[in-house]
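> This is model13.txt, which holds compact mmCIF, C-alpha atoms and all ligand atoms:
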# COMPACT_ATOMS: atom_id res chain seq x y z
CA MET A 1 -11.50 22.06 -16.27
CA ARG A 2 -12.46 21.33 -12.69
CA ILE A 3 -10.22 18.56 -11.36
CA LEU A 4 -10.49 16.52 -8.16
CA ILE A 5 -7.31 14.77 -6.99
CA VAL A 6 -7.79 11.81 -4.66
CA GLY A 7 -5.05 11.34 -2.03
CA GLY A 8 -3.13 13.41 0.48
CA GLY A 9 0.61 12.76 0.40
CA GLY A 10 3.74 14.13 -1.25
CA ARG A 11 2.83 12.54 -4.56
CA GLU A 12 -0.57 14.26 -4.58
CA HIS A 13 0.99 17.60 -3.62
CA THR A 14 3.33 17.27 -6.61
CA ILE A 15 0.46 16.38 -8.95
CA ALA A 16 -1.60 19.31 -7.61
CA TRP A 17 1.38 21.69 -7.94
CA LYS A 18 1.90 20.64 -11.56
CA LEU A 19 -1.80 20.77 -12.50
CA ALA A 20 -2.14 24.21 -10.89
CA GLN A 21 0.29 25.51 -13.54
CA SER A 22 -1.98 24.39 -16.38
CA PRO A 23 -4.03 26.94 -18.33
CA LEU A 24 -6.60 24.15 -18.82
CA VAL A 25 -7.32 23.94 -15.09
CA ASP A 26 -9.83 26.40 -13.59
CA LYS A 27 -10.34 24.79 -10.20
CA LEU A 28 -8.53 22.09 -8.23
CA TYR A 29 -9.89 20.07 -5.33
CA CYS A 30 -8.05 17.45 -3.34
CA ALA A 31 -9.52 14.78 -1.06
CA PRO A 32 -8.37 14.71 1.66
CA GLY A 33 -5.25 16.77 0.77
CA ASN A 34 -2.84 18.12 3.40
CA GLY A 35 -1.32 21.34 4.72
CA GLY A 36 0.78 21.92 1.59
CA ILE A 37 -1.82 20.88 -0.95
CA ALA A 38 -4.11 23.51 0.60
CA GLN A 39 -1.84 26.18 -0.97
CA VAL A 40 -2.79 25.07 -4.51
CA ALA A 41 -6.10 23.22 -4.17
CA GLU A 42 -9.24 23.32 -2.08
CA CYS A 43 -9.01 20.39 0.33
CA VAL A 44 -12.19 18.42 1.07
CA PRO A 45 -12.43 16.09 4.07
CA ILE A 46 -13.17 12.81 2.27
CA THR A 47 -10.80 9.89 2.78
CA ALA A 48 -9.05 8.51 -0.28
CA THR A 49 -10.74 5.11 -0.05
CA ASP A 50 -14.29 6.45 0.41
CA ILE A 51 -15.62 5.51 -3.02
CA ASP A 52 -19.21 6.65 -2.38
CA GLY A 53 -18.00 9.92 -0.88
CA ILE A 54 -15.76 10.69 -3.86
CA VAL A 55 -18.40 9.78 -6.45
CA ASP A 56 -20.94 11.90 -4.62
CA PHE A 57 -18.60 14.90 -4.39
CA ALA A 58 -17.58 14.63 -8.05
CA SER A 59 -21.16 14.54 -9.30
CA LYS A 60 -22.44 17.33 -7.03
CA ASN A 61 -19.53 19.67 -7.80
CA ASN A 62 -19.42 19.35 -11.60
CA ILE A 63 -15.98 17.78 -11.55
CA ASP A 64 -14.73 17.29 -15.11
CA LEU A 65 -12.00 14.82 -14.20
CA THR A 66 -11.10 12.89 -11.03
CA PHE A 67 -7.45 11.92 -10.76
CA VAL A 68 -7.19 8.85 -8.52
CA ALA A 69 -3.57 8.83 -7.34
CA PRO A 70 -3.11 6.15 -4.60
CA ASP A 71 -3.09 2.37 -5.09
CA ASP A 72 -5.85 1.27 -2.72
CA PRO A 73 -8.80 3.19 -4.23
CA LEU A 74 -7.63 2.11 -7.71
CA VAL A 75 -7.45 -1.55 -6.66
CA MET A 76 -10.87 -1.19 -4.98
CA GLY A 77 -12.43 0.09 -8.22
CA MET A 78 -12.89 3.83 -7.67
CA VAL A 79 -12.40 4.59 -11.37
CA ASP A 80 -15.10 2.05 -12.30
CA ALA A 81 -17.49 3.60 -9.77
CA LEU A 82 -16.93 7.10 -11.20
CA GLU A 83 -17.31 5.91 -14.79
CA ALA A 84 -20.50 4.05 -13.90
CA LYS A 85 -21.98 7.46 -13.03
CA GLY A 86 -20.77 8.93 -16.32
CA LEU A 87 -17.90 10.79 -14.64
CA LYS A 88 -14.44 11.03 -16.19
CA ALA A 89 -11.58 9.55 -14.17
CA PHE A 90 -7.83 9.22 -14.59
CA GLY A 91 -6.35 5.90 -13.49
CA PRO A 92 -6.73 2.22 -14.33
CA ASN A 93 -9.97 0.29 -13.90
CA LYS A 94 -10.14 -2.32 -11.16
CA ASP A 95 -9.42 -5.22 -13.50
CA ALA A 96 -6.21 -3.49 -14.67
CA ALA A 97 -5.11 -2.19 -11.23
CA ILE A 98 -4.78 -5.85 -10.25
CA ILE A 99 -1.30 -5.62 -11.78
CA GLU A 100 -0.35 -4.01 -8.45
CA GLY A 101 -3.15 -5.45 -6.32
CA SER A 102 -2.12 -9.06 -6.77
CA LYS A 103 1.50 -10.16 -6.90
CA VAL A 104 0.30 -13.60 -8.01
CA PHE A 105 -1.44 -12.00 -11.01
CA SER A 106 1.59 -9.91 -11.96
CA LYS A 107 4.04 -12.80 -11.65
CA GLU A 108 1.82 -15.08 -13.75
CA LEU A 109 1.38 -12.33 -16.35
CA MET A 110 5.15 -11.97 -16.66
CA LYS A 111 5.67 -15.72 -16.93
CA LYS A 112 2.94 -16.12 -19.55
CA TYR A 113 4.22 -13.29 -21.74
CA GLY A 114 7.97 -13.83 -21.28
CA ILE A 115 8.61 -10.57 -19.40
CA PRO A 116 11.88 -10.93 -17.43
CA THR A 117 11.37 -11.31 -13.65
CA ALA A 118 12.68 -13.32 -10.69
CA GLU A 119 11.92 -17.08 -10.62
CA TYR A 120 9.05 -17.82 -8.25
CA GLU A 121 6.42 -20.20 -6.92
CA VAL A 122 2.94 -19.40 -5.54
CA PHE A 123 1.65 -21.04 -2.34
CA THR A 124 -1.78 -21.30 -0.76
CA SER A 125 -0.69 -23.48 2.16
CA SER A 126 2.01 -22.76 4.71
CA ALA A 127 2.99 -26.47 4.87
CA ASP A 128 3.82 -26.48 1.15
CA ALA A 129 5.68 -23.17 1.43
CA LEU A 130 7.72 -24.41 4.41
CA ALA A 131 8.64 -27.63 2.58
CA TYR A 132 9.61 -25.66 -0.57
CA ILE A 133 12.17 -23.43 1.14
CA GLU A 134 14.02 -26.38 2.74
CA ASP A 135 16.41 -26.88 -0.18
CA LYS A 136 16.43 -23.29 -1.43
CA PRO A 137 19.35 -20.92 -0.85
CA CYS A 138 19.08 -17.81 1.36
CA PRO A 139 18.45 -14.91 1.16
CA ILE A 140 15.03 -15.76 -0.22
CA VAL A 141 12.12 -13.37 -0.83
CA ILE A 142 8.64 -13.92 0.65
CA LYS A 143 5.82 -11.71 -0.65
CA ALA A 144 2.23 -11.42 0.50
CA GLU A 145 -0.07 -11.45 -2.53
CA GLY A 146 -2.04 -8.29 -1.81
CA LEU A 147 -1.49 -4.68 -0.79
CA ALA A 148 0.19 -4.46 2.62
CA LEU A 149 1.17 -0.78 2.88
CA GLY A 150 4.54 -1.55 1.29
CA LYS A 151 5.43 -3.96 4.09
CA GLY A 152 4.38 -7.22 2.46
CA VAL A 153 7.84 -8.13 1.15
CA ILE A 154 10.28 -9.91 3.45
CA ILE A 155 13.85 -10.58 2.40
CA ALA A 156 14.70 -13.53 4.65
CA GLN A 157 18.42 -13.82 5.33
CA THR A 158 18.09 -17.23 7.00
CA LYS A 159 15.76 -20.25 6.84
CA ASP A 160 14.44 -19.32 10.30
CA GLU A 161 13.50 -15.83 9.12
CA ALA A 162 11.81 -17.34 6.07
CA ARG A 163 9.84 -19.80 8.21
CA ASP A 164 8.73 -16.99 10.55
CA ALA A 165 7.62 -14.85 7.60
CA ILE A 166 5.60 -17.69 6.06
CA ARG A 167 3.88 -18.51 9.36
CA GLU A 168 3.16 -14.85 10.14
CA MET A 169 1.65 -14.17 6.71
CA MET A 170 -0.27 -17.41 6.19
CA ASP A 171 -1.13 -18.75 9.64
CA ASN A 172 -1.26 -15.58 11.74
CA ALA A 173 -2.69 -13.31 8.98
CA MET A 174 -0.18 -10.55 9.70
CA PHE A 175 -1.39 -8.74 6.56
CA GLY A 176 -4.98 -10.01 6.71
CA ASP A 177 -6.28 -11.46 3.48
CA ALA A 178 -3.28 -10.00 1.61
CA GLY A 179 -1.20 -12.92 2.92
CA LYS A 180 -3.61 -15.78 2.14
CA ARG A 181 -1.54 -16.53 -0.92
CA ILE A 182 2.16 -15.84 -1.03
CA VAL A 183 4.87 -15.69 -3.67
CA ILE A 184 8.31 -17.05 -2.84
CA GLU A 185 10.96 -15.85 -5.23
CA GLU A 186 14.67 -15.94 -5.88
CA TYR A 187 16.71 -13.13 -4.37
CA LEU A 188 18.18 -10.87 -7.03
CA THR A 189 20.87 -8.25 -6.63
CA GLY A 190 21.65 -5.07 -8.51
CA PRO A 191 20.66 -1.42 -8.58
CA GLU A 192 16.94 -0.62 -8.74
CA ILE A 193 15.45 1.89 -11.16
CA SER A 194 11.90 3.23 -11.24
CA VAL A 195 10.42 4.04 -14.61
CA LEU A 196 6.90 5.45 -14.70
CA ALA A 197 5.05 5.45 -18.00
CA PHE A 198 1.95 7.15 -19.36
CA THR A 199 -0.27 4.74 -21.26
CA ASP A 200 -3.75 4.72 -22.76
CA GLY A 201 -3.54 1.04 -23.71
CA LYS A 202 -2.56 1.85 -27.31
CA THR A 203 0.57 3.92 -26.78
CA ILE A 204 3.06 3.82 -23.93
CA LYS A 205 5.33 6.80 -23.20
CA PRO A 206 7.92 6.32 -20.46
CA MET A 207 8.79 9.27 -18.24
CA VAL A 208 12.34 10.18 -17.23
CA SER A 209 13.93 7.56 -14.93
CA ALA A 210 14.32 7.83 -11.16
CA GLN A 211 15.87 5.98 -8.25
CA ASP A 212 14.36 5.62 -4.80
CA HIS A 213 16.09 5.11 -1.43
CA LYS A 214 13.79 2.77 0.49
CA ARG A 215 15.75 2.11 3.69
CA ALA A 216 15.45 4.43 6.67
CA TYR A 217 19.17 5.17 7.22
CA ASP A 218 22.26 6.15 5.28
CA GLY A 219 24.06 3.45 3.34
CA ASP A 220 20.76 1.58 2.82
CA LYS A 221 20.64 0.49 6.47
CA GLY A 222 17.57 0.13 8.67
CA LEU A 223 13.98 -0.79 7.92
CA ASN A 224 12.23 -0.42 4.58
CA THR A 225 10.13 2.74 4.35
CA GLY A 226 7.76 4.23 1.79
CA GLY A 227 10.85 6.00 0.38
CA MET A 228 13.34 8.39 2.02
CA GLY A 229 14.33 10.26 -1.11
CA THR A 230 14.68 10.07 -4.86
CA PHE A 231 16.68 11.45 -7.72
CA SER A 232 16.19 11.73 -11.46
CA PRO A 233 17.63 10.76 -13.86
CA SER A 234 19.15 7.43 -12.84
CA ARG A 235 22.84 7.38 -13.77
CA ILE A 236 22.67 3.77 -14.97
CA TYR A 237 19.56 4.07 -17.15
CA THR A 238 21.32 4.61 -20.46
CA PRO A 239 19.50 5.17 -23.78
CA GLU A 240 20.45 1.57 -24.74
CA LEU A 241 18.93 0.21 -21.53
CA ALA A 242 15.83 2.35 -22.11
CA GLU A 243 15.43 0.80 -25.55
CA THR A 244 15.82 -2.73 -24.14
CA CYS A 245 13.20 -1.96 -21.49
CA MET A 246 10.81 -0.57 -24.11
CA ASN A 247 11.07 -3.72 -26.22
CA GLU A 248 11.29 -6.34 -23.49
CA VAL A 249 9.20 -4.87 -20.70
CA PHE A 250 7.07 -1.77 -21.39
CA LEU A 251 5.43 -2.66 -24.72
CA PRO A 252 5.05 -6.37 -23.86
CA THR A 253 3.32 -5.43 -20.57
CA MET A 254 0.88 -3.06 -22.25
CA GLU A 255 0.11 -5.67 -24.90
CA ALA A 256 -0.17 -8.48 -22.34
CA MET A 257 -2.79 -6.49 -20.41
CA ASN A 258 -4.72 -5.90 -23.65
CA LYS A 259 -4.61 -9.61 -24.49
CA GLU A 260 -5.91 -10.43 -21.02
CA GLY A 261 -8.85 -8.07 -21.62
CA ARG A 262 -7.51 -5.76 -18.90
CA THR A 263 -6.46 -2.68 -20.86
CA PHE A 264 -4.41 -0.43 -18.59
CA LYS A 265 -5.01 3.33 -18.82
CA GLY A 266 -3.13 5.66 -16.50
CA VAL A 267 0.38 5.60 -15.10
CA LEU A 268 2.13 2.24 -15.04
CA TYR A 269 5.13 2.07 -12.73
CA PHE A 270 7.91 -0.37 -13.51
CA GLY A 271 10.14 -1.27 -10.55
CA LEU A 272 13.22 -2.62 -12.32
CA MET A 273 16.47 -4.21 -11.17
CA LEU A 274 19.58 -4.28 -13.31
CA THR A 275 21.07 -7.69 -12.48
CA GLN A 276 24.21 -9.29 -13.92
CA ASN A 277 21.92 -11.27 -16.21
CA GLY A 278 20.06 -8.21 -17.46
CA ILE A 279 16.96 -6.25 -16.54
CA ARG A 280 14.29 -7.83 -14.31
CA VAL A 281 10.88 -6.52 -13.23
CA ILE A 282 10.72 -6.49 -9.43
CA GLU A 283 7.21 -5.07 -9.24
CA TYR A 284 4.51 -3.18 -11.06
CA ASN A 285 2.52 -0.36 -9.52
CA CYS A 286 -0.71 0.95 -11.03
CA ARG A 287 0.00 4.62 -10.25
CA PHE A 288 2.60 7.37 -9.84
CA GLY A 289 5.34 6.46 -7.33
CA ASP A 290 5.89 8.29 -4.07
CA PRO A 291 8.47 9.93 -3.81
CA GLU A 292 9.41 9.32 -7.48
CA THR A 293 6.74 11.80 -8.61
CA GLN A 294 8.47 14.56 -6.64
CA VAL A 295 11.52 14.33 -8.96
CA VAL A 296 9.81 13.31 -12.20
CA LEU A 297 7.03 15.91 -12.54
CA PRO A 298 9.28 18.94 -11.89
CA ARG A 299 11.21 17.79 -14.99
CA LEU A 300 8.07 17.58 -17.16
CA LYS A 301 7.83 20.48 -19.61
CA THR A 302 4.48 19.48 -21.15
CA ASP A 303 1.18 20.38 -19.49
CA LEU A 304 0.16 17.41 -17.28
CA ALA A 305 -3.54 18.21 -17.69
CA GLU A 306 -3.18 17.89 -21.45
CA ILE A 307 -1.51 14.48 -21.06
CA ILE A 308 -4.04 12.99 -18.65
CA LEU A 309 -6.93 14.19 -20.77
CA ALA A 310 -5.33 12.57 -23.82
CA ILE A 311 -5.02 9.29 -21.89
CA VAL A 312 -8.63 9.34 -20.76
CA GLU A 313 -9.68 10.03 -24.37
CA GLU A 314 -7.27 7.38 -25.74
CA ARG A 315 -5.29 9.73 -27.95
CA LEU A 316 -1.91 9.69 -26.22
CA ASP A 317 -0.25 9.14 -29.62
CA GLU A 318 -1.22 12.74 -30.55
CA ILE A 319 0.70 14.31 -27.68
CA GLU A 320 4.38 15.10 -27.73
CA ILE A 321 5.76 14.84 -24.20
CA GLU A 322 8.77 17.04 -23.49
CA TRP A 323 11.19 16.97 -20.54
CA TYR A 324 13.72 19.44 -19.21
CA ASP A 325 17.30 18.33 -19.69
CA ASN A 326 18.10 18.77 -16.01
CA ALA A 327 18.20 16.76 -12.77
CA ALA A 328 16.08 16.67 -9.62
CA VAL A 329 16.66 15.45 -6.08
CA CYS A 330 14.06 14.99 -3.33
CA VAL A 331 15.15 14.57 0.30
CA VAL A 332 12.38 13.29 2.56
CA MET A 333 12.26 14.79 6.06
CA ALA A 334 10.53 12.26 8.31
CA SER A 335 9.32 12.16 11.89
CA GLY A 336 11.83 10.66 14.35
CA GLY A 337 11.03 6.95 14.76
CA TYR A 338 9.47 6.48 11.30
CA PRO A 339 8.74 3.84 9.92
CA LEU A 340 7.89 2.58 13.42
CA LYS A 341 6.23 4.67 16.13
CA TYR A 342 6.50 8.47 15.94
CA GLU A 343 4.90 11.58 17.42
CA LYS A 344 2.85 14.12 15.45
CA GLY A 345 1.84 17.73 15.92
CA TYR A 346 5.28 19.40 16.05
CA PRO A 347 5.50 22.90 14.52
CA ILE A 348 7.51 23.13 11.27
CA GLU A 349 9.84 26.14 10.94
CA GLY A 350 11.90 27.63 8.14
CA LEU A 351 9.83 26.70 5.07
CA ASP A 352 9.66 30.23 3.64
CA GLU A 353 13.40 30.65 4.03
CA ALA A 354 14.06 27.26 2.37
CA CYS A 355 11.82 28.06 -0.60
CA LYS A 356 13.45 31.44 -1.36
CA ALA A 357 15.66 29.91 -4.06
CA ASP A 358 13.54 29.45 -7.17
CA ASN A 359 14.84 25.94 -7.86
CA ILE A 360 13.47 24.63 -4.53
CA THR A 361 9.98 23.26 -3.97
CA VAL A 362 8.90 21.61 -0.75
CA PHE A 363 6.20 19.00 -1.29
CA HIS A 364 4.18 18.18 1.81
CA ALA A 365 3.60 14.52 2.67
CA GLY A 366 2.34 14.61 6.26
CA THR A 367 1.51 18.13 7.42
CA LYS A 368 -1.58 19.97 8.52
CA LYS A 369 -2.62 23.45 9.55
CA ASP A 370 -3.28 23.71 13.27
CA GLY A 371 -4.64 27.12 14.26
CA GLY A 372 -2.76 28.86 11.45
CA LYS A 373 0.50 27.02 12.21
CA LEU A 374 1.89 24.22 10.08
CA VAL A 375 2.56 21.04 12.09
CA THR A 376 3.77 17.50 11.40
CA ALA A 377 0.99 15.00 10.75
CA GLY A 378 2.61 11.82 9.42
CA GLY A 379 5.69 9.60 9.16
CA ARG A 380 7.04 11.23 6.05
CA VAL A 381 6.55 14.96 6.56
CA LEU A 382 8.18 16.87 3.69
CA GLY A 383 9.88 16.16 0.36
CA VAL A 384 12.44 18.90 -0.16
CA THR A 385 13.07 19.02 -3.89
CA ALA A 386 15.70 20.82 -5.94
CA THR A 387 16.09 21.00 -9.69
CA ALA A 388 19.44 21.95 -11.21
CA PRO A 389 21.45 21.45 -14.40
CA ASP A 390 23.08 18.30 -12.98
CA LEU A 391 22.63 15.83 -10.12
CA ASP A 392 25.53 17.09 -8.00
CA SER A 393 24.16 20.64 -7.97
CA ALA A 394 20.65 19.36 -7.24
CA ILE A 395 21.95 17.33 -4.28
CA ARG A 396 23.81 20.37 -2.93
CA ASP A 397 20.83 22.69 -3.28
CA ALA A 398 18.32 20.21 -1.83
CA TYR A 399 20.44 19.74 1.30
CA ALA A 400 21.03 23.49 1.63
CA ALA A 401 17.23 23.86 1.76
CA VAL A 402 16.83 20.96 4.21
CA GLU A 403 19.28 22.68 6.58
CA LYS A 404 16.91 25.67 6.82
CA ILE A 405 13.87 23.59 7.84
CA SER A 406 13.33 22.22 11.32
CA PHE A 407 10.83 20.35 13.46
CA LYS A 408 11.34 18.32 16.61
CA ASP A 409 13.07 14.95 16.05
CA ALA A 410 13.27 15.45 12.27
CA HIS A 411 15.13 12.66 10.52
CA TYR A 412 16.49 12.54 6.96
CA ARG A 413 19.12 10.62 5.06
CA LYS A 414 22.33 12.46 4.19
CA ASP A 415 23.15 10.33 1.11
CA ILE A 416 20.22 10.88 -1.23
CA GLY A 417 21.38 10.89 -4.84
CA ILE A 418 24.77 9.37 -4.11
CA LYS A 419 24.25 5.91 -5.64
P1 LIG B 501 8.15 -4.90 -3.99
O1 LIG B 501 7.05 -4.43 -3.08
O2 LIG B 501 7.85 -6.16 -4.73
O3 LIG B 501 8.69 -3.82 -4.83
O4 LIG B 501 9.39 -5.17 -3.04
C1 LIG B 501 9.91 -4.18 -2.20
C2 LIG B 501 11.42 -4.18 -2.30
O5 LIG B 501 11.93 -5.46 -1.94
C3 LIG B 501 11.95 -3.93 -3.71
O6 LIG B 501 12.04 -2.57 -4.00
C4 LIG B 501 13.30 -4.58 -3.61
O7 LIG B 501 14.24 -3.73 -2.99
C5 LIG B 501 13.06 -5.76 -2.70
N1 LIG B 501 12.82 -6.97 -3.49
C6 LIG B 501 11.63 -7.42 -3.97
N2 LIG B 501 11.79 -8.55 -4.67
C7 LIG B 501 13.10 -8.85 -4.65
C8 LIG B 501 13.90 -9.91 -5.20
N3 LIG B 501 13.35 -10.92 -5.89
N4 LIG B 501 15.22 -9.89 -4.96
C9 LIG B 501 15.78 -8.88 -4.24
N5 LIG B 501 15.09 -7.86 -3.69
C10 LIG B 501 13.77 -7.84 -3.90
N1 LIG B 502 8.42 4.64 -4.09
C1 LIG B 502 7.82 3.36 -4.24
C2 LIG B 502 6.39 3.36 -4.52
O1 LIG B 502 5.78 4.37 -4.80
O2 LIG B 502 5.80 2.30 -4.49
Please go through the file and, once you have read it, give me the structure as structure tokens.


Amino acid sequence: MRILIVGGGGREHTIAWKLAQSPLVDKLYCAPGNGGIAQVAECVPITATDIDGIVDFASKNNIDLTFVAPDDPLVMGMVDALEAKGLKAFGPNKDAAIIEGSKVFSKELMKKYGIPTAEYEVFTSSADALAYIEDKPCPIVIKAEGLALGKGVIIAQTKDEARDAIREMMDNAMFGDAGKRIVIEEYLTGPEISVLAFTDGKTIKPMVSAQDHKRAYDGDKGLNTGGMGTFSPSRIYTPELAETCMNEVFLPTMEAMNKEGRTFKGVLYFGLMLTQNGIRVIEYNCRFGDPETQVVLPRLKTDLAEIILAIVEERLDEIEIEWYDNAAVCVVMASGGYPLKYEKGYPIEGLDEACKADNITVFHAGTKKDGGKLVTAGGRVLGVTATAPDLDSAIRDAYAAVEKISFKDAHYRKDIGIK
């Protein structure tokens, strides 16, 4: 098979790395890719949201399957555009990707089908939203409806912060059209777990669990980021909890999407919180998580190409998916200043040394080749990943590898995996 992966971050490097191991894959392309992906796939300079460019490339290059990895092209309908040209694509159609693309849609879906989530109200006017929060307790959560690069959720600690967030989103269009409608919801507390699941709309097969560290600094301090590190499995995701989630969240969500005429095929990501009152869905994503993928796919024993082909052909029930009984930890090395302003273009040293141990893989998030030298090219730069028989050993080995890598102003959390 000739496969084209759309995207260019750590998640896409992990997907490319895994697909490159498959005997079913003859040739891998990635658009636009990055400095690390270039080691396993041929990178083509087409941006991930350029639907016409991707369709054109796939048809001219006899691509057998296009794997659309990021949220925005999925929400924009890239899979539909490929299918309209008779091309095979992995990922949900536009009308199913709305489960991530619109928080109003996902909240209403959960309410309609009794899937446990935080209490909420939807607002289309800032005056109504401002009046609503007056007699509500703080913290309170304000969410822009649409995609906002992971920044559309504000946890307001005070009424003033809540008022500012409402005005910024609705009156000042801080997130553009994404903030025209907002969701205001109750603030929940408890550990968060990410469970990604393969589904073809008939069968749903959860992957091994993971936990993300979203804040920039140790001890969950600082600003929210795209994710500073992950580990798998989650220590709190017991087999009993997994069974509850299957019955109360995963299957009901797949069936709800079918009933709505929006069959979801691809990877459905469940962002869960274990509250004192039980499990709650915090969010859905219509794709693999980043950096969850960096700890989940290294634990997958089964050929990923075989699985995605089965999903596209709606025969996921025929595939047995096997996992290694081990643990994985990914420590993100970011540019100093991330998630705010940061510099790019610094040379990266020590990668070969770090990768000498065979349980270490460094997934590139924001790197590029500059005259033969690898340099930083984004906020999140590398995902240094270790697999080991248990979490403690994986943490130790991941940090031993991180110590060997350097670039100017590199920043990483020292407490990944210790939750
Ligand atoms: P989302 O984009 O909806 O996943 O929100 C981003 C992050 O905000 C989540 O991972 C949670 O840490 C936090 N969050 C979202 N909704 C709530 C809530 N209702 N209560 C507490 N924290 C939340
Ligand atoms: N790691 C969170 C996400 O992929 O949305």

> Quick one: contact table of chain A to ligand LIG 502 (chain B), 10 Å max, nearest atom pair and distance in Å to one decimal per residue, counting all atoms listed in the file, chain and number order, as JSON lines?


{"residue": "A:Arg11", "atom": "CA", "partner": "B:LIG502", "partner_atom": "O1", "distance": 8.7}
{"residue": "A:Pro70", "atom": "CA", "partner": "B:LIG502", "partner_atom": "O1", "distance": 9.1}
{"residue": "A:Asp71", "atom": "CA", "partner": "B:LIG502", "partner_atom": "O2", "distance": 8.9}
{"residue": "A:Glu100", "atom": "CA", "partner": "B:LIG502", "partner_atom": "O2", "distance": 9.7}
{"residue": "A:Leu149", "atom": "CA", "partner": "B:LIG502", "partner_atom": "O2", "distance": 9.2}
{"residue": "A:Gly150", "atom": "CA", "partner": "B:LIG502", "partner_atom": "O2", "distance": 7.1}
{"residue": "A:Ser194", "atom": "CA", "partner": "B:LIG502", "partner_atom": "N1", "distance": 8.1}
{"residue": "A:Ala210", "atom": "CA", "partner": "B:LIG502", "partner_atom": "N1", "distance": 9.7}
{"residue": "A:Gln211", "atom": "CA", "partner": "B:LIG502", "partner_atom": "N1", "distance": 8.6}
{"residue": "A:Asp212", "atom": "CA", "partner": "B:LIG502", "partner_atom": "N1", "distance": 6.1}
{"residue": "A:His213", "atom": "CA", "partner": "B:LIG502", "partner_atom": "N1", "distance": 8.1}
{"residue": "A:Lys214", "atom": "CA", "partner": "B:LIG502", "partner_atom": "N1", "distance": 7.3}
{"residue": "A:Thr225", "atom": "CA", "partner": "B:LIG502", "partner_atom": "N1", "distance": 8.8}
{"residue": "A:Gly226", "atom": "CA", "partner": "B:LIG502", "partner_atom": "N1", "distance": 5.9}
{"residue": "A:Gly227", "atom": "CA", "partner": "B:LIG502", "partner_atom": "N1", "distance": 5.3}
{"residue": "A:Met228", "atom": "CA", "partner": "B:LIG502", "partner_atom": "N1", "distance": 8.7}
{"residue": "A:Gly229", "atom": "CA", "partner": "B:LIG502", "partner_atom": "N1", "distance": 8.7}
{"residue": "A:Thr230", "atom": "CA", "partner": "B:LIG502", "partner_atom": "N1", "distance": 8.3}
{"residue": "A:Tyr269", "atom": "CA", "partner": "B:LIG502", "partner_atom": "O2", "distance": 8.3}
{"residue": "A:Phe270", "atom": "CA", "partner": "B:LIG502", "partner_atom": "O2", "distance": 9.6}
{"residue": "A:Gly271", "atom": "CA", "partner": "B:LIG502", "partner_atom": "C1", "distance": 8.2}
{"residue": "A:Glu283", "atom": "CA", "partner": "B:LIG502", "partner_atom": "O2", "distance": 8.9}
{"residue": "A:Tyr284", "atom": "CA", "partner": "B:LIG502", "partner_atom": "O2", "distance": 8.7}
{"residue": "A:Asn285", "atom": "CA", "partner": "B:LIG502", "partner_atom": "O2", "distance": 6.6}
{"residue": "A:Cys286", "atom": "CA", "partner": "B:LIG502", "partner_atom": "O2", "distance": 9.3}
{"residue": "A:Arg287", "atom": "CA", "partner": "B:LIG502", "partner_atom": "O1", "distance": 7.9}
{"residue": "A:Phe288", "atom": "CA", "partner": "B:LIG502", "partner_atom": "O1", "distance": 6.7}
{"residue": "A:Gly289", "atom": "CA", "partner": "B:LIG502", "partner_atom": "O1", "distance": 3.3}
{"residue": "A:Asp290", "atom": "CA", "partner": "B:LIG502", "partner_atom": "O1", "distance": 4.0}
{"residue": "A:Pro291", "atom": "CA", "partner": "B:LIG502", "partner_atom": "N1", "distance": 5.3}
{"residue": "A:Glu292", "atom": "CA", "partner": "B:LIG502", "partner_atom": "N1", "distance": 5.9}
{"residue": "A:Thr293", "atom": "CA", "partner": "B:LIG502", "partner_atom": "O1", "distance": 8.4}

> Nearest to Asp128 (chain A) among A:Ile360, A:Leu297, A:Val79, A:Ile184, with distances taken over all atoms listed in the file: which residue is it?

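Going through A:Ile360, A:Leu297, A:Val79, A:Ile184 one by one, the smallest distance to Asp128 (chain A) is for A:Ile184.
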
> Compile the contact shell of Trp323 (chain A) as a compact mmCIF listing (two decimals) with C-alpha atoms, keeping the file's coordinate frame: residues with an atom at most 9 Å away, counting all atoms listed in the file, same-chain residues fewer than 3 positions apart removed.


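Contents of part.txt, as written:
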# COMPACT_ATOMS: atom_id res chain seq x y z
CA MET A 207 8.79 9.27 -18.24
CA VAL A 208 12.34 10.18 -17.23
CA ARG A 299 11.21 17.79 -14.99
CA LEU A 300 8.07 17.58 -17.16
CA LYS A 301 7.83 20.48 -19.61
CA THR A 302 4.48 19.48 -21.15
CA ASN A 326 18.10 18.77 -16.01

> Distance limit 10 Å, reference ligand LIG 501 (chain B), atoms considered: only C-alpha atoms and all ligand atoms. Which residues make the cut? Give them as a PyMOL selection string.

chain A and resi 100+103+117-120+139-155+183-194+212-215+224-227+270-273+275+280-285

> Separation of CA of Asp317 (chain A) and CA of Thr203 (chain A), in Å?

6.0 Å

> As an exercise, work out the distance from CA of Tyr29 (chain A) to CA of Leu351 (chain A) in Å and give it to one decimal place.

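Separation between CA of Tyr29 (chain A) and CA of Leu351 (chain A): 23.3 Å.
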
> Could you pull the residues within 9 Å of Thr47 (chain A), counting all atoms listed in the file, minus those fewer than 3 positions along the same chain, as a list of chain:residue names?

A:Val6, A:Gly7, A:Gly8, A:Ala31, A:Pro32, A:Val44, A:Asp50, A:Ile51, A:Gly53, A:Ile54

> Could you take the residues named above and write them with C-alpha atoms, as a compact mmCIF listing (two decimals), in the coordinates of the input?


# COMPACT_ATOMS: atom_id res chain seq x y z
CA VAL A 6 -7.79 11.81 -4.66
CA GLY A 7 -5.05 11.34 -2.03
CA GLY A 8 -3.13 13.41 0.48
CA ALA A 31 -9.52 14.78 -1.06
CA PRO A 32 -8.37 14.71 1.66
CA VAL A 44 -12.19 18.42 1.07
CA ASP A 50 -14.29 6.45 0.41
CA ILE A 51 -15.62 5.51 -3.02
CA GLY A 53 -18.00 9.92 -0.88
CA ILE A 54 -15.76 10.69 -3.86
